[in-house]
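Notes to accompany the following structure.
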Amino acid sequence: MEDEEIIRKGLLFSVPWAELDCTVVADCADGEKGMQAIREHKPDIVITDINMPVVDGLEMIRRTCEEQEYSAIIISGYSDFEYAQTAIRYGVLGYLLKPIQKAELREAIERACRECAKRAAYQNHSKLPTQLKEQFLAENPMDYRGDDRLVQQMLDFVHDNYSRKILMSDLENALNYSDTFLNKKFKEAMGTTFMEYVNRYRIHQAIRMMTEEGLSVQETAWRCGIGEYKYFRTVFKKYLGCSPKEFLAAR
């Protein structure tokens, strides 16, 4: 989806799509038509420029990435970090700068194909049993009935800092104990590792944000501390056996 027709047509005819086991289902000159094509054809891969008429490429991805699962590649003349940062937030797989290097484009498409294969394999895998999903939702990750002050401090640290990146080194610095000792203490008390607990707590908070606060999936991914949109979906599926979108639709 590229507004410069020569470049757009160049992509259509210069890339060995059949060799890459790909088929082009549509090409569009503006983002509005691009959104229509994505909703109609449900592509596995979307290649777009940022600068397009009507609706730009990033906005097109933002409006459709929750509706359709696809791997996005951006080709752009903008090298501004803010654009790249926004692209990452929307789960864009590749951000290529013009002039386009054929080898770089091919590598990005091959990477997108691998992502599609992983996605298909995951979708074909049997879902987690319903009782496991119910068990996860019934958990109270803040529930600790022990009296170990150090474990309680670790829990408090998670509750206060889950929305930002957490490393074991942060915990070491805050509590003045080695990560080995802290993890051992935590696992004895909680039955799981510290970082596993952090992820479970974040997903519980994410569910609350989406269902009670009405936040979008993308905003929730960043607010709950997981960050990158596609990684958030992966972590979410690990615990609930479905994507955030599927979870919300089934409620």
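A note on labels: chains of the structure tokens are A, B, ... as shown, every chain counts residues from 1, and ligands are counted from 1 in their shown order.
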*Excluding Leu96 of chain A and residues on its chain fewer than 5 positions from it, collect all residues at most 10 Å away from it, counting only C-alpha atoms, and give them as a list in words.*
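Using only C-alpha atoms, the neighbours found are Asp49, Ile73, Ile74, Ile75, Ser76, Gly77, Tyr78, Ser79, Ala84, Gln101, Glu104, Leu105 and Ala108 of chain A.
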*Mind checking which residues fall within 10 Å of His159 of chain A, counting only C-alpha atoms, ignoring those fewer than 2 positions away in the same chain, and posting them as a ChimeraX atom specification?*
/A:141-142,153-157,161-163,198,201-202,205
Let me see the file: selected residues, N, CA and C atoms, as an mmCIF file, in the first residue's frame.
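Final file, part_27.cif:
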data_model
loop_
_atom_site.group_PDB
_atom_site.id
_atom_site.type_symbol
_atom_site.label_atom_id
_atom_site.label_comp_id
_atom_site.auth_asym_id
_atom_site.auth_seq_id
_atom_site.Cartn_x
_atom_site.Cartn_y
_atom_site.Cartn_z
ATOM 1 N N PRO A 141 -3.544 -12.756 42.489
ATOM 2 C CA PRO A 141 -2.082 -12.719 42.545
ATOM 3 C C PRO A 141 -1.537 -11.926 43.726
ATOM 4 N N MET A 142 -2.384 -11.170 44.400
ATOM 5 C CA MET A 142 -1.927 -10.404 45.560
ATOM 6 C C MET A 142 -2.122 -11.179 46.861
ATOM 7 N N GLN A 153 7.816 -7.838 50.869
ATOM 8 C CA GLN A 153 8.478 -6.696 50.234
ATOM 9 C C GLN A 153 8.609 -6.920 48.724
ATOM 10 N N MET A 154 8.878 -8.153 48.335
ATOM 11 C CA MET A 154 8.989 -8.474 46.909
ATOM 12 C C MET A 154 7.640 -8.302 46.214
ATOM 13 N N LEU A 155 6.583 -8.749 46.866
ATOM 14 C CA LEU A 155 5.238 -8.583 46.310
ATOM 15 C C LEU A 155 4.886 -7.101 46.195
ATOM 16 N N ASP A 156 5.190 -6.350 47.221
ATOM 17 C CA ASP A 156 4.915 -4.910 47.200
ATOM 18 C C ASP A 156 5.688 -4.236 46.071
ATOM 19 N N PHE A 157 6.911 -4.698 45.830
ATOM 20 C CA PHE A 157 7.728 -4.121 44.759
ATOM 21 C C PHE A 157 7.049 -4.336 43.409
ATOM 22 N N ASN A 161 5.526 -1.439 40.903
ATOM 23 C CA ASN A 161 6.377 -1.180 39.735
ATOM 24 C C ASN A 161 6.033 -2.000 38.493
ATOM 25 N N TYR A 162 4.934 -2.762 38.512
ATOM 26 C CA TYR A 162 4.635 -3.666 37.408
ATOM 27 C C TYR A 162 4.477 -2.949 36.063
ATOM 28 N N SER A 163 4.122 -1.665 36.078
ATOM 29 C CA SER A 163 3.862 -0.945 34.830
ATOM 30 C C SER A 163 5.141 -0.535 34.106
ATOM 31 N N VAL A 198 5.563 -11.971 38.129
ATOM 32 C CA VAL A 198 5.424 -10.632 37.538
ATOM 33 C C VAL A 198 4.534 -10.696 36.297
ATOM 34 N N TYR A 201 0.886 -11.417 37.223
ATOM 35 C CA TYR A 201 0.275 -10.227 37.829
ATOM 36 C C TYR A 201 -0.069 -9.200 36.754
ATOM 37 N N ARG A 202 0.843 -9.031 35.787
ATOM 38 C CA ARG A 202 0.601 -8.072 34.710
ATOM 39 C C ARG A 202 -0.618 -8.455 33.882
ATOM 40 N N GLN A 205 -3.697 -7.573 35.717
ATOM 41 C CA GLN A 205 -3.923 -6.135 35.623
ATOM 42 C C GLN A 205 -4.409 -5.745 34.232
#
*What residues in segment 33-198 of chain A get the DSSP label strand (DSSP E or B)? Please answer as a list in words.*
Ile45, Val46, Ile47, Thr48, Ser71, Ala72, Ile73, Ile74, Ile75, Ser76, Gly94, Tyr95, Leu96 and Leu97 of chain A
For the interface of segment 99-199 of chain A with segment 90-94 of chain A (cut-off 12 Å, counting only C-alpha atoms), please tabulate each contacting residue of segment 99-199 of chain A alongside its nearest pair of atoms and their separation in Å to one decimal, rows sorted by chain and increasing number, as CSV.
residue,atom,partner,partner_atom,distance
A:Glu104,CA,A:Gly94,CA,9.7
A:Leu105,CA,A:Gly94,CA,8.9
A:Arg106,CA,A:Gly94,CA,11.0
A:Glu107,CA,A:Gly94,CA,9.5
A:Ala108,CA,A:Gly94,CA,6.1
A:Ile109,CA,A:Gly94,CA,8.7
A:Glu110,CA,A:Gly94,CA,10.9
A:Arg111,CA,A:Leu93,CA,8.1
A:Ala112,CA,A:Leu93,CA,7.0
A:Cys113,CA,A:Leu93,CA,10.7
A:Arg114,CA,A:Leu93,CA,11.1
A:Glu115,CA,A:Leu93,CA,8.9
A:Cys116,CA,A:Leu93,CA,11.2
*Between A:Leu248, A:Asn183, A:Arg63, A:Cys242, which is the closest to Met210 of chain A once you count only C-alpha atoms?*
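Closest residue, counting only C-alpha atoms: A:Leu248.
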*Counting only C-alpha atoms, what is within 12 Å of Ala221 of chain A, bar same-chain residues fewer than 3 positions away, as a ChimeraX atom specification?*
/A:88-91,162-164,199,202-207,209-210,215-218,224-236,244
*Find the residues around Met168 of chain A up to 12 Å (only C-alpha atoms counted), leave out those fewer than 5 positions away in its own chain, and share them as a PyMOL selection string.*
chain A and resi 154+157-158+173-183+193-196+198
How about saving the chosen residues, N, CA and C atoms kept, as a tab-separated table (two decimals), in the first residue's frame?
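The resulting part28.tsv:
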chain	number	residue	atom	x	y	z
A	154	MET	N	8.88	-8.15	48.33
A	154	MET	CA	8.99	-8.47	46.91
A	154	MET	C	7.64	-8.30	46.21
A	157	PHE	N	6.91	-4.70	45.83
A	157	PHE	CA	7.73	-4.12	44.76
A	157	PHE	C	7.05	-4.34	43.41
A	158	VAL	N	6.51	-5.54	43.18
A	158	VAL	CA	5.81	-5.83	41.93
A	158	VAL	C	4.57	-4.96	41.80
A	173	ASN	N	18.95	-4.39	44.14
A	173	ASN	CA	19.32	-3.05	44.62
A	173	ASN	C	18.35	-2.53	45.67
A	174	ALA	N	17.06	-2.85	45.48
A	174	ALA	CA	16.04	-2.35	46.41
A	174	ALA	C	16.09	-3.05	47.77
A	175	LEU	N	16.41	-4.37	47.74
A	175	LEU	CA	16.31	-5.16	48.98
A	175	LEU	C	17.67	-5.62	49.53
A	176	ASN	N	18.74	-5.38	48.76
A	176	ASN	CA	20.10	-5.73	49.20
A	176	ASN	C	20.30	-7.22	49.46
A	177	TYR	N	19.76	-8.04	48.58
A	177	TYR	CA	19.99	-9.49	48.60
A	177	TYR	C	20.31	-9.93	47.18
A	178	SER	N	20.98	-11.08	47.05
A	178	SER	CA	21.30	-11.59	45.71
A	178	SER	C	20.04	-12.10	45.03
A	179	ASP	N	20.07	-12.10	43.68
A	179	ASP	CA	18.91	-12.58	42.95
A	179	ASP	C	18.64	-14.06	43.20
A	180	THR	N	19.72	-14.84	43.41
A	180	THR	CA	19.55	-16.28	43.71
A	180	THR	C	18.80	-16.48	45.01
A	181	PHE	N	19.19	-15.74	46.02
A	181	PHE	CA	18.53	-15.86	47.33
A	181	PHE	C	17.08	-15.39	47.25
A	182	LEU	N	16.86	-14.28	46.56
A	182	LEU	CA	15.50	-13.74	46.46
A	182	LEU	C	14.57	-14.70	45.70
A	183	ASN	N	15.06	-15.25	44.61
A	183	ASN	CA	14.24	-16.17	43.84
A	183	ASN	C	13.92	-17.43	44.64
A	193	THR	N	8.48	-18.76	40.22
A	193	THR	CA	9.61	-17.84	40.22
A	193	THR	C	9.10	-16.40	40.27
A	194	PHE	N	10.00	-15.51	40.62
A	194	PHE	CA	9.61	-14.11	40.75
A	194	PHE	C	9.14	-13.55	39.41
A	195	MET	N	9.89	-13.79	38.31
A	195	MET	CA	9.53	-13.22	37.02
A	195	MET	C	8.24	-13.83	36.47
A	196	GLU	N	8.00	-15.11	36.77
A	196	GLU	CA	6.74	-15.73	36.36
A	196	GLU	C	5.57	-15.05	37.08
A	198	VAL	N	5.56	-11.97	38.13
A	198	VAL	CA	5.42	-10.63	37.54
A	198	VAL	C	4.53	-10.70	36.30
*Which residue of A:Glu40, A:Asp147, A:Lys33, A:Glu67 approaches Val54 of chain A most closely, using only C-alpha atoms*: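 Closest residue, counting only C-alpha atoms: A:Lys33.
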*Work out how far atom CA of Leu97 of chain A is from atom CA of Met35 of chain A, in Å to one decimal.*
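According to the coordinates, atom CA of Met35 of chain A and atom CA of Leu97 of chain A are separated by 22.5 Å.
Between atom CA of Ala37 of chain A and atom CA of Ser243 of chain A there is a distance of 22.7 Å.
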*Per DSSP on the backbone, what are the helix (DSSP H, G or I) residues of segment 65-233 of chain A, as a PyMOL selection string?*
chain A and resi 81-89+102-124+130-138+149-161+168-175+179-190+194-211+217-223+229-233
*Nearest to Ala29 of chain A, chosen from A:Gly241, A:Pro99, A:Pro53, A:Gly146, with only C-alpha atoms counted in the distances*: A:Pro53
*Rounded to one decimal in Å, what is the spacing between atom CA of Glu246 of chain A and atom CA of Thr192 of chain A?*
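One can read the atom CA of Glu246 of chain A to atom CA of Thr192 of chain A distance as 27.2 Å.
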*A:Leu167, A:Ala250, A:Ala117, A:Met60: which is nearest Ile38 of chain A, counting only C-alpha atoms?*
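The shortest atom-to-atom distance to Ile38 of chain A comes from A:Met60.
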